[in-house]
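Asker: A single structure is presented below for examination.
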Amino acid sequence: MTTLAPHDLAGFVRWMREASPYLRAHRGQTFVVYLGGDAIAGTSFPHIVQDLALLCGIGVKLVVVHGARPQVEARLAAAGIATRMAGDVRVTDGAALAEVKLAVASVRFGVEAQFAHATGQRQPGGDAVRILGGNFVVARPAGVIGGIDLQFTGELRRIDRDGLRAQLDHADLVLLSPLGHSPTGELFSLNGLELATAVAGELGAGKLVIYTQQPEIRDAGGRIRRQLTPLEMKEGSWSGPPAPVLAAAVRACKLGVRRVHLVANDADGALLLELFTRDGVGTLVSDTPFDQVRRATIDDVGGILDLIEPLETAGVLVKRSREKLEQEIDHFTVMVRDGLTVACGAVYPYLADGMAELACIAVRPDYRRDGFGTSLITALERRAGDLGVDTVFVLTTQATHWFQEHGYVREGTDRLPMSRQALYNWQRNSQVLVKRLGR
Ligand SMILES: CC(C)(COP(=O)(O)OP(=O)(O)OC[C@H]1O[C@@H](n2cnc3c(N)ncnc32)[C@H](O)[C@@H]1OP(=O)(O)O)[C@@H](O)C(=O)NCCC(=O)NCCS
């Protein structure tokens, strides 16, 4: 008996197929997740926990670090304790620390209970997600800043990496609270996001997931950027997520975390869409660019054929057999997103004429109008320039205006190299467009 409406079934099947490589890839990996106190207080929290429980279910080793800022603030206010700030950092005196401990404990128990509930909902009577915790975080006093003693506000000193790893072998999930002890037996209040970042680096986590109110990053022109490198983040001017979230993403990459995902606190299923679909819904920060533009190899033949065959059938591109493609693969450049060939094109040099032909230019239909085509011909023109030619040309039946918008000018067939003129297909009657490079 299915709970899906008939019109959802095809979508479900498609989704499962798209998700299956990710299910395999994520299994056995360590992910660190930061859940701020605002995410925990939000109405989507039960859904977030369901999604995290699903990750445990497929064999992801999960460390969840929780924050408790709004909960601490509420307790301090209720107890009538006014605290001083040193910049963005709260001074935690003895009375405030007592409230911090209560708030953190209450949040922690709430998170544990929600995980038990999530399992119970999915599988009544089933085993709850097993959560472990412990004294893995060693802290020291943050000291005196600007003449103000921060007292029990602490800084991370060390993480017991081996202890944490051992727990991950025995539990579904390790839950860390934003508190650390010192070797002298004192407890210090820590910044949960900084702790999550450090833990991700220490464990060499495959991913750090940061739940945040605002995961979308926009450039100076207001355009959303879904993926960017830490270098771009440092050099560009970005808006959207709070500055500490951006700083944590950059720092995590520097510490060796392969991918940092920013996902929305309040969107149902945001984590699943981010981790199990190619395009995601949040923001990915990674040292390895998500979209690769590179020379094709023989392994790309299948992906290129998938891309161009429908266009060949429609008569948009000239037919190429697999054998011909294999022979000419060195001429091809591909754009690959997370393993999928989303665009391709080829450069055929006519060195004696100082020219090169750009051919077989194609972008997958579902990736069009997103700048892939423009990036692709930029890469092809650069490749042609590297070969020493100063002029490129294309023959097209369908994309004349597109090439014109990229600086190409219509010319007669007599502008083609003689050897190419001999092969010109008059029946196809393609238009010739030429561009001088470096203009
Ligand atoms: C032509 C093609 C490569 C463009 O790829 P793309 O990734 O969509 O390109 P970009 O995102 O950089 O540019 C998109 C812009 O070009 C326009 N555009 C796309 N194809 C166009 C075409 N055939 N003619 C005119 N304009 C076109 C889009 O409308 C969009 O402009 P808009 O947002 O102002 O409406 C892609 O449409 C394609 O693969 N077409 C089929 C194959 C083909 O014709 N190849 C060329 C022959 S070698």
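Ordered as shown in the structure tokens, chains take letters A, B, and onward, while each chain numbers its residues from 1 and ligands are numbered from 1 in the order shown.
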Counting only C-alpha atoms and all ligand atoms, which protein, DNA or RNA residues come within 10 Å of ligand 1, given as a short mmCIF file (atom, residue, chain, number, x, y, z; two decimals) with N, CA and C atoms, in the first residue's frame?

Answerer:
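This went into result_5.cif:
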data_model
loop_
_atom_site.label_atom_id
_atom_site.label_comp_id
_atom_site.auth_asym_id
_atom_site.auth_seq_id
_atom_site.Cartn_x
_atom_site.Cartn_y
_atom_site.Cartn_z
N LEU A 307 24.32 13.10 -24.25
CA LEU A 307 24.01 14.51 -24.41
C LEU A 307 23.67 14.86 -25.86
N ILE A 308 24.44 14.29 -26.81
CA ILE A 308 24.29 14.78 -28.19
C ILE A 308 23.32 13.95 -29.04
N PRO A 310 20.15 12.97 -28.71
CA PRO A 310 18.82 13.56 -29.00
C PRO A 310 18.94 14.75 -29.97
N LEU A 311 20.03 15.50 -29.88
CA LEU A 311 20.21 16.65 -30.77
C LEU A 311 20.52 16.20 -32.19
N GLU A 312 21.24 15.08 -32.30
CA GLU A 312 21.52 14.52 -33.63
C GLU A 312 20.22 14.04 -34.27
N ALA A 314 17.32 15.11 -33.71
CA ALA A 314 16.50 16.26 -34.08
C ALA A 314 17.12 17.05 -35.23
N GLY A 315 18.29 16.64 -35.68
CA GLY A 315 18.94 17.33 -36.80
C GLY A 315 19.67 18.60 -36.41
N VAL A 316 19.79 18.86 -35.11
CA VAL A 316 20.47 20.09 -34.66
C VAL A 316 21.98 19.92 -34.79
N LEU A 317 22.47 18.74 -34.46
CA LEU A 317 23.90 18.46 -34.58
C LEU A 317 24.11 17.38 -35.65
N VAL A 318 25.31 17.40 -36.24
CA VAL A 318 25.66 16.40 -37.26
C VAL A 318 25.92 15.07 -36.54
N VAL A 342 27.21 17.76 -18.41
CA VAL A 342 26.12 18.69 -18.67
C VAL A 342 26.34 19.52 -19.95
N ALA A 343 27.58 19.54 -20.43
CA ALA A 343 27.83 20.29 -21.67
C ALA A 343 29.09 19.74 -22.34
N CYS A 344 29.14 19.88 -23.67
CA CYS A 344 30.36 19.46 -24.37
C CYS A 344 30.54 20.30 -25.62
N GLY A 345 31.75 20.28 -26.13
CA GLY A 345 32.06 20.98 -27.38
C GLY A 345 33.44 20.53 -27.84
N ALA A 346 33.72 20.75 -29.13
CA ALA A 346 35.01 20.28 -29.66
C ALA A 346 35.72 21.41 -30.40
N GLU A 357 37.79 25.26 -35.83
CA GLU A 357 36.33 25.13 -35.82
C GLU A 357 35.88 24.71 -34.42
N LEU A 358 34.85 25.38 -33.91
CA LEU A 358 34.21 24.94 -32.67
C LEU A 358 32.97 24.18 -33.10
N ALA A 359 32.84 22.95 -32.62
CA ALA A 359 31.73 22.12 -33.11
C ALA A 359 31.12 21.31 -31.98
N CYS A 360 29.99 20.70 -32.32
CA CYS A 360 29.31 19.80 -31.39
C CYS A 360 29.08 20.45 -30.02
N ILE A 361 28.67 21.72 -30.07
CA ILE A 361 28.44 22.46 -28.82
C ILE A 361 27.04 22.16 -28.31
N ALA A 362 26.96 21.63 -27.11
CA ALA A 362 25.64 21.26 -26.59
C ALA A 362 25.60 21.36 -25.07
N VAL A 363 24.47 21.81 -24.57
CA VAL A 363 24.21 21.86 -23.13
C VAL A 363 22.96 21.03 -22.88
N ARG A 364 22.98 20.22 -21.84
CA ARG A 364 21.78 19.41 -21.52
C ARG A 364 20.57 20.33 -21.37
N PRO A 365 19.41 19.93 -21.90
CA PRO A 365 18.25 20.83 -21.88
C PRO A 365 17.92 21.36 -20.48
N ASP A 366 18.04 20.50 -19.44
CA ASP A 366 17.68 20.95 -18.10
C ASP A 366 18.72 21.87 -17.47
N TYR A 367 19.84 22.11 -18.18
CA TYR A 367 20.87 23.02 -17.64
C TYR A 367 21.02 24.27 -18.49
N ARG A 368 20.12 24.45 -19.46
CA ARG A 368 20.26 25.61 -20.34
C ARG A 368 19.83 26.90 -19.64
N ARG A 369 20.23 28.00 -20.20
CA ARG A 369 19.92 29.34 -19.70
C ARG A 369 20.45 29.56 -18.30
N ASP A 370 21.58 28.91 -18.02
CA ASP A 370 22.20 29.08 -16.71
C ASP A 370 23.67 29.44 -16.86
N GLY A 371 24.05 29.86 -18.07
CA GLY A 371 25.43 30.30 -18.30
C GLY A 371 26.40 29.20 -18.68
N PHE A 372 25.93 27.95 -18.75
CA PHE A 372 26.85 26.86 -19.10
C PHE A 372 27.39 27.04 -20.52
N GLY A 373 26.48 27.39 -21.44
CA GLY A 373 26.90 27.56 -22.83
C GLY A 373 27.98 28.62 -22.95
N THR A 374 27.78 29.74 -22.26
CA THR A 374 28.75 30.84 -22.32
C THR A 374 30.09 30.39 -21.74
N SER A 375 30.05 29.69 -20.60
CA SER A 375 31.32 29.22 -20.01
C SER A 375 31.99 28.24 -20.95
N LEU A 376 31.17 27.41 -21.62
CA LEU A 376 31.75 26.41 -22.50
C LEU A 376 32.46 27.05 -23.69
N ILE A 377 31.80 28.00 -24.38
CA ILE A 377 32.52 28.55 -25.55
C ILE A 377 33.71 29.39 -25.11
N THR A 378 33.65 29.97 -23.92
CA THR A 378 34.83 30.69 -23.42
C THR A 378 35.99 29.70 -23.29
N VAL A 394 32.17 28.66 -36.43
CA VAL A 394 31.20 27.59 -36.15
C VAL A 394 30.27 27.48 -37.35
N LEU A 395 29.72 26.30 -37.53
CA LEU A 395 28.65 26.09 -38.51
C LEU A 395 27.41 25.70 -37.73
N THR A 396 26.37 26.48 -37.86
CA THR A 396 25.18 26.18 -37.06
C THR A 396 23.91 26.39 -37.87
N THR A 397 22.91 25.60 -37.54
CA THR A 397 21.61 25.80 -38.19
C THR A 397 20.61 26.45 -37.24
N GLN A 398 20.85 26.33 -35.93
CA GLN A 398 19.83 26.71 -34.95
C GLN A 398 20.25 27.82 -33.99
N ALA A 399 21.55 28.07 -33.90
CA ALA A 399 21.98 28.94 -32.81
C ALA A 399 22.71 30.20 -33.30
N THR A 400 22.31 30.67 -34.50
CA THR A 400 23.00 31.83 -35.09
C THR A 400 23.00 33.03 -34.14
N HIS A 401 21.84 33.35 -33.61
CA HIS A 401 21.76 34.54 -32.76
C HIS A 401 22.59 34.39 -31.50
N TRP A 402 22.56 33.16 -30.98
CA TRP A 402 23.32 32.92 -29.75
C TRP A 402 24.81 33.20 -29.99
N PHE A 403 25.33 32.70 -31.13
CA PHE A 403 26.74 32.95 -31.42
C PHE A 403 26.98 34.43 -31.69
N GLN A 404 26.05 35.07 -32.39
CA GLN A 404 26.21 36.51 -32.66
C GLN A 404 26.31 37.29 -31.35
N GLU A 405 25.48 36.86 -30.38
CA GLU A 405 25.54 37.53 -29.08
C GLU A 405 26.86 37.29 -28.36
N HIS A 406 27.62 36.30 -28.84
CA HIS A 406 28.93 36.04 -28.23
C HIS A 406 30.06 36.52 -29.14
N SER A 430 24.18 25.06 -43.34
CA SER A 430 24.51 25.71 -42.06
C SER A 430 25.03 27.12 -42.30
#

Asker: For stretch 132-145 of chain A, list every protein, DNA or RNA residue within 9 Å, evaluated using only C-alpha atoms, and leave out those in the same chain fewer than 6 positions away; present the list as a PDB file with C-alpha atoms, in the first residue's frame.

Answerer:
ATOM      1  CA  ALA A  86      32.852  42.156  24.793  1.00  0.00           C
ATOM      2  CA  GLY A  87      32.154  42.807  21.111  1.00  0.00           C
ATOM      3  CA  GLN A 151      35.303  34.491  32.839  1.00  0.00           C
ATOM      4  CA  PHE A 152      33.500  31.225  31.921  1.00  0.00           C
ATOM      5  CA  THR A 153      33.282  32.035  28.231  1.00  0.00           C
ATOM      6  CA  GLY A 154      35.737  29.599  26.768  1.00  0.00           C
ATOM      7  CA  GLU A 155      37.710  28.753  23.679  1.00  0.00           C
ATOM      8  CA  LEU A 156      38.274  25.345  22.218  1.00  0.00           C
ATOM      9  CA  ARG A 157      41.584  23.879  23.306  1.00  0.00           C
ATOM     10  CA  ARG A 158      41.496  20.337  22.023  1.00  0.00           C
ATOM     11  CA  ILE A 159      39.131  17.661  20.745  1.00  0.00           C
ATOM     12  CA  ASP A 160      39.565  14.035  21.740  1.00  0.00           C
ATOM     13  CA  ARG A 161      39.528  12.807  18.172  1.00  0.00           C
ATOM     14  CA  GLY A 163      37.553   9.115  21.629  1.00  0.00           C
ATOM     15  CA  LEU A 164      35.028  10.636  19.222  1.00  0.00           C
ATOM     16  CA  GLN A 167      32.049   6.481  19.741  1.00  0.00           C
ATOM     17  CA  LEU A 168      31.079   6.717  16.090  1.00  0.00           C
ATOM     18  CA  HIS A 170      29.288   2.208  18.473  1.00  0.00           C
ATOM     19  CA  ALA A 171      26.541   4.797  18.109  1.00  0.00           C
ATOM     20  CA  ASP A 172      24.307   6.050  15.326  1.00  0.00           C
ATOM     21  CA  LEU A 173      25.099   9.605  16.252  1.00  0.00           C
ATOM     22  CA  VAL A 174      27.346  11.556  18.612  1.00  0.00           C
ATOM     23  CA  LEU A 175      25.713  14.680  20.044  1.00  0.00           C
ATOM     24  CA  LEU A 176      28.031  17.441  21.244  1.00  0.00           C
ATOM     25  CA  SER A 177      26.877  20.387  23.347  1.00  0.00           C
ATOM     26  CA  PRO A 178      28.535  23.806  23.302  1.00  0.00           C
ATOM     27  CA  LEU A 179      30.359  23.295  26.577  1.00  0.00           C
ATOM     28  CA  GLY A 180      33.923  22.216  27.220  1.00  0.00           C
ATOM     29  CA  HIS A 181      35.792  21.217  30.332  1.00  0.00           C
ATOM     30  CA  SER A 182      39.271  22.289  31.327  1.00  0.00           C
ATOM     31  CA  PRO A 183      41.885  19.984  32.809  1.00  0.00           C
ATOM     32  CA  GLU A 186      35.938  23.825  35.207  1.00  0.00           C
ATOM     33  CA  LEU A 187      33.234  24.086  32.569  1.00  0.00           C
ATOM     34  CA  PHE A 188      33.289  26.767  29.845  1.00  0.00           C
ATOM     35  CA  SER A 189      30.621  28.011  27.477  1.00  0.00           C
ATOM     36  CA  LEU A 190      31.665  27.592  23.820  1.00  0.00           C
ATOM     37  CA  LEU A 195      32.997  23.828  17.779  1.00  0.00           C
TER      38      LEU A 195
END

Asker: If you run DSSP over the backbone, which residues in stretch 225-395 of chain A end up strand (DSSP E or B)? Put them as a PyMOL selection string.

Answerer: chain A and resi 225+227-228+239+259-264+283-285+291-295+332-337+340-350+355-363+391-395

Asker: Based on the selection just made, write N, CA and C atoms of those residues as a tab-separated table (two decimals), in the first residue's frame.

Answerer:
chain	number	residue	atom	x	y	z
A	225	ARG	N	24.29	32.55	-5.78
A	225	ARG	CA	25.36	31.62	-6.15
A	225	ARG	C	25.17	30.34	-5.35
A	227	GLN	N	27.10	27.49	-5.66
A	227	GLN	CA	28.37	26.86	-5.30
A	227	GLN	C	29.47	27.88	-5.38
A	228	LEU	N	30.36	27.87	-4.44
A	228	LEU	CA	31.54	28.71	-4.56
A	228	LEU	C	32.69	28.17	-3.75
A	239	SER	N	26.41	38.61	0.19
A	239	SER	CA	25.45	38.89	1.25
A	239	SER	C	24.58	37.65	1.44
A	259	ARG	N	33.38	19.32	1.72
A	259	ARG	CA	32.23	20.11	1.28
A	259	ARG	C	31.50	20.70	2.48
A	260	VAL	N	31.17	21.96	2.38
A	260	VAL	CA	30.36	22.60	3.42
A	260	VAL	C	29.02	22.97	2.79
A	261	HIS	N	27.93	22.54	3.39
A	261	HIS	CA	26.60	22.82	2.85
A	261	HIS	C	25.87	23.75	3.82
A	262	LEU	N	25.33	24.83	3.29
A	262	LEU	CA	24.48	25.69	4.10
A	262	LEU	C	23.04	25.35	3.71
A	263	VAL	N	22.23	24.95	4.69
A	263	VAL	CA	20.84	24.59	4.37
A	263	VAL	C	19.89	25.35	5.28
A	264	ALA	N	18.67	25.52	4.79
A	264	ALA	CA	17.69	26.37	5.50
A	264	ALA	C	17.12	25.66	6.72
A	283	THR	N	23.54	26.08	-0.32
A	283	THR	CA	24.77	26.61	-0.89
A	283	THR	C	25.90	25.65	-0.55
A	284	LEU	N	26.71	25.37	-1.56
A	284	LEU	CA	27.85	24.47	-1.36
A	284	LEU	C	29.14	25.28	-1.41
A	285	VAL	N	29.95	25.13	-0.39
A	285	VAL	CA	31.27	25.77	-0.40
A	285	VAL	C	32.30	24.65	-0.41
A	291	ASP	N	31.43	22.37	-10.54
A	291	ASP	CA	31.35	22.19	-11.99
A	291	ASP	C	32.76	22.18	-12.53
A	292	GLN	N	33.11	21.12	-13.21
A	292	GLN	CA	34.44	21.03	-13.77
A	292	GLN	C	34.38	21.27	-15.27
A	293	VAL	N	35.31	22.08	-15.78
A	293	VAL	CA	35.47	22.20	-17.23
A	293	VAL	C	36.82	21.57	-17.52
A	294	ARG	N	36.83	20.54	-18.31
A	294	ARG	CA	38.11	19.86	-18.56
A	294	ARG	C	38.10	19.17	-19.91
A	295	ARG	N	39.31	18.80	-20.35
A	295	ARG	CA	39.42	18.05	-21.59
A	295	ARG	C	38.77	16.68	-21.42
A	332	PHE	N	37.63	17.14	-27.67
A	332	PHE	CA	36.46	17.55	-26.90
A	332	PHE	C	36.80	18.14	-25.54
A	333	THR	N	35.94	19.06	-25.12
A	333	THR	CA	35.97	19.62	-23.76
A	333	THR	C	34.61	19.30	-23.16
A	334	VAL	N	34.60	18.93	-21.88
A	334	VAL	CA	33.31	18.65	-21.24
A	334	VAL	C	33.15	19.51	-19.99
A	335	MET	N	31.89	19.79	-19.66
A	335	MET	CA	31.57	20.40	-18.37
A	335	MET	C	30.83	19.34	-17.58
A	336	VAL	N	31.32	19.08	-16.39
A	336	VAL	CA	30.77	17.99	-15.60
A	336	VAL	C	30.30	18.53	-14.26
A	337	ARG	N	29.06	18.20	-13.91
A	337	ARG	CA	28.56	18.58	-12.59
A	337	ARG	C	28.33	17.31	-11.79
A	340	LEU	N	27.93	14.20	-13.75
A	340	LEU	CA	27.05	14.21	-14.92
A	340	LEU	C	27.61	15.16	-15.98
A	341	THR	N	27.70	14.68	-17.22
A	341	THR	CA	28.17	15.54	-18.32
A	341	THR	C	27.04	16.48	-18.69
A	342	VAL	N	27.21	17.76	-18.41
A	342	VAL	CA	26.12	18.69	-18.67
A	342	VAL	C	26.34	19.52	-19.95
A	343	ALA	N	27.58	19.54	-20.43
A	343	ALA	CA	27.83	20.29	-21.67
A	343	ALA	C	29.09	19.74	-22.34
A	344	CYS	N	29.14	19.88	-23.67
A	344	CYS	CA	30.36	19.46	-24.37
A	344	CYS	C	30.54	20.30	-25.62
A	345	GLY	N	31.75	20.28	-26.13
A	345	GLY	CA	32.06	20.98	-27.38
A	345	GLY	C	33.44	20.53	-27.84
A	346	ALA	N	33.72	20.75	-29.13
A	346	ALA	CA	35.01	20.28	-29.66
A	346	ALA	C	35.72	21.41	-30.40
A	347	VAL	N	37.03	21.32	-30.45
A	347	VAL	CA	37.86	22.28	-31.20
A	347	VAL	C	38.66	21.50	-32.24
A	348	TYR	N	38.44	21.84	-33.54
A	348	TYR	CA	39.21	21.19	-34.60
A	348	TYR	C	40.10	22.25	-35.26
A	349	PRO	N	41.42	22.12	-35.10
A	349	PRO	CA	42.31	23.17	-35.63
A	349	PRO	C	42.57	23.04	-37.14
A	350	TYR	N	42.69	24.18	-37.78
A	350	TYR	CA	43.18	24.27	-39.17
A	350	TYR	C	44.37	25.21	-39.08
A	355	MET	N	43.15	29.03	-38.12
A	355	MET	CA	41.75	28.98	-37.68
A	355	MET	C	41.47	27.67	-36.94
A	356	ALA	N	40.35	27.70	-36.19
A	356	ALA	CA	39.86	26.44	-35.58
A	356	ALA	C	38.35	26.44	-35.64
A	357	GLU	N	37.79	25.26	-35.83
A	357	GLU	CA	36.33	25.13	-35.82
A	357	GLU	C	35.88	24.71	-34.42
A	358	LEU	N	34.85	25.38	-33.91
A	358	LEU	CA	34.21	24.94	-32.67
A	358	LEU	C	32.97	24.18	-33.10
A	359	ALA	N	32.84	22.95	-32.62
A	359	ALA	CA	31.73	22.12	-33.11
A	359	ALA	C	31.12	21.31	-31.98
A	360	CYS	N	29.99	20.70	-32.32
A	360	CYS	CA	29.31	19.80	-31.39
A	360	CYS	C	29.08	20.45	-30.02
A	361	ILE	N	28.67	21.72	-30.07
A	361	ILE	CA	28.44	22.46	-28.82
A	361	ILE	C	27.04	22.16	-28.31
A	362	ALA	N	26.96	21.63	-27.11
A	362	ALA	CA	25.64	21.26	-26.59
A	362	ALA	C	25.60	21.36	-25.07
A	363	VAL	N	24.47	21.81	-24.57
A	363	VAL	CA	24.21	21.86	-23.13
A	363	VAL	C	22.96	21.03	-22.88
A	391	THR	N	41.59	32.91	-35.08
A	391	THR	CA	40.20	33.03	-35.53
A	391	THR	C	39.50	31.68	-35.33
A	392	VAL	N	38.24	31.77	-34.84
A	392	VAL	CA	37.46	30.53	-34.71
A	392	VAL	C	36.18	30.68	-35.54
A	393	PHE	N	35.63	29.55	-35.95
A	393	PHE	CA	34.36	29.60	-36.67
A	393	PHE	C	33.46	28.46	-36.22
A	394	VAL	N	32.17	28.66	-36.43
A	394	VAL	CA	31.20	27.59	-36.15
A	394	VAL	C	30.27	27.48	-37.35
A	395	LEU	N	29.72	26.30	-37.53
A	395	LEU	CA	28.65	26.09	-38.51
A	395	LEU	C	27.41	25.70	-37.73

Asker: Write out as JSON, numbers by chain which residues come within 8 Å of stretch 33-50 of chain A when counting only C-alpha atoms, dropping same-chain ones fewer than 5 positions away.

Answerer: {"A": [62, 63, 64, 65, 66, 67, 68, 69, 70, 71, 107, 111, 114, 115, 118, 119, 192, 193, 196, 208, 209, 210, 211, 212, 213, 265, 266, 267, 268, 269, 271]}

Asker: Compare A:Cys253, A:Val301, A:Leu97, A:Ala352 by their minimum atom-to-atom distance to A:Ile329, counting only C-alpha atoms, and give me the closest one.

Answerer: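 Comparing A:Cys253, A:Val301, A:Leu97, A:Ala352 against A:Ile329, the winner is A:Val301.
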
Asker: Which of stretch 332-398 of chain A end up as alpha helix (DSSP H) when DSSP is run on this backbone - answer as an MDAnalysis selection string?

Answerer: chainID A and resid 372:386

Asker: Take the residues from that selection and write them out as a tab-separated table (two decimals), in the first residue's frame, keeping N, CA and C atoms.

Answerer:
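Listing of out_4.tsv after writing:
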chain	number	residue	atom	x	y	z
A	372	PHE	N	25.93	27.95	-18.75
A	372	PHE	CA	26.85	26.86	-19.10
A	372	PHE	C	27.39	27.04	-20.52
A	373	GLY	N	26.48	27.39	-21.44
A	373	GLY	CA	26.90	27.56	-22.83
A	373	GLY	C	27.98	28.62	-22.95
A	374	THR	N	27.78	29.74	-22.26
A	374	THR	CA	28.75	30.84	-22.32
A	374	THR	C	30.09	30.39	-21.74
A	375	SER	N	30.05	29.69	-20.60
A	375	SER	CA	31.32	29.22	-20.01
A	375	SER	C	31.99	28.24	-20.95
A	376	LEU	N	31.17	27.41	-21.62
A	376	LEU	CA	31.75	26.41	-22.50
A	376	LEU	C	32.46	27.05	-23.69
A	377	ILE	N	31.80	28.00	-24.38
A	377	ILE	CA	32.52	28.55	-25.55
A	377	ILE	C	33.71	29.39	-25.11
A	378	THR	N	33.65	29.97	-23.92
A	378	THR	CA	34.83	30.69	-23.42
A	378	THR	C	35.99	29.70	-23.29
A	379	ALA	N	35.69	28.50	-22.73
A	379	ALA	CA	36.74	27.49	-22.56
A	379	ALA	C	37.23	26.99	-23.92
A	380	LEU	N	36.30	26.82	-24.88
A	380	LEU	CA	36.70	26.33	-26.21
A	380	LEU	C	37.55	27.37	-26.94
A	381	GLU	N	37.16	28.64	-26.81
A	381	GLU	CA	37.94	29.70	-27.47
A	381	GLU	C	39.35	29.78	-26.86
A	382	ARG	N	39.41	29.59	-25.52
A	382	ARG	CA	40.72	29.62	-24.88
A	382	ARG	C	41.58	28.46	-25.39
A	383	ARG	N	40.93	27.31	-25.51
A	383	ARG	CA	41.66	26.13	-25.99
A	383	ARG	C	42.17	26.35	-27.42
A	384	ALA	N	41.31	26.98	-28.24
A	384	ALA	CA	41.72	27.27	-29.62
A	384	ALA	C	42.90	28.26	-29.61
A	385	GLY	N	42.78	29.29	-28.76
A	385	GLY	CA	43.86	30.29	-28.66
A	385	GLY	C	45.17	29.63	-28.25
A	386	ASP	N	45.08	28.66	-27.32
A	386	ASP	CA	46.29	27.97	-26.87
A	386	ASP	C	46.95	27.18	-28.01

Asker: When distances are computed from only C-alpha atoms, which of A:Pro241, A:Gly282, A:Gly204, A:Gly302 shows the smallest separation from A:Arg226?

Answerer: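 The shortest atom-to-atom distance to A:Arg226 comes from A:Gly282.
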
Asker: Within 9 Å of stretch 222-224 of chain A, counting only C-alpha atoms, which residues show up once you throw out same-chain ones fewer than 5 positions away? Write them as a ChimeraX atom specification, please.

Answerer: /A:216-217,238-239

Asker: With a distance cut-off of 6 Å and only C-alpha atoms, select the neighbouring residues of A:Pro230, excluding the residue or stretch itself and same-chain residues fewer than 2 positions from it, and output the selection as number ranges by chain.

Answerer: A: 232-233, 250

Asker: For atom CA of A:Asp390 and atom CA of A:Arg436, quote the distance in Å rounded to one decimal.

Answerer: 5.9 Å
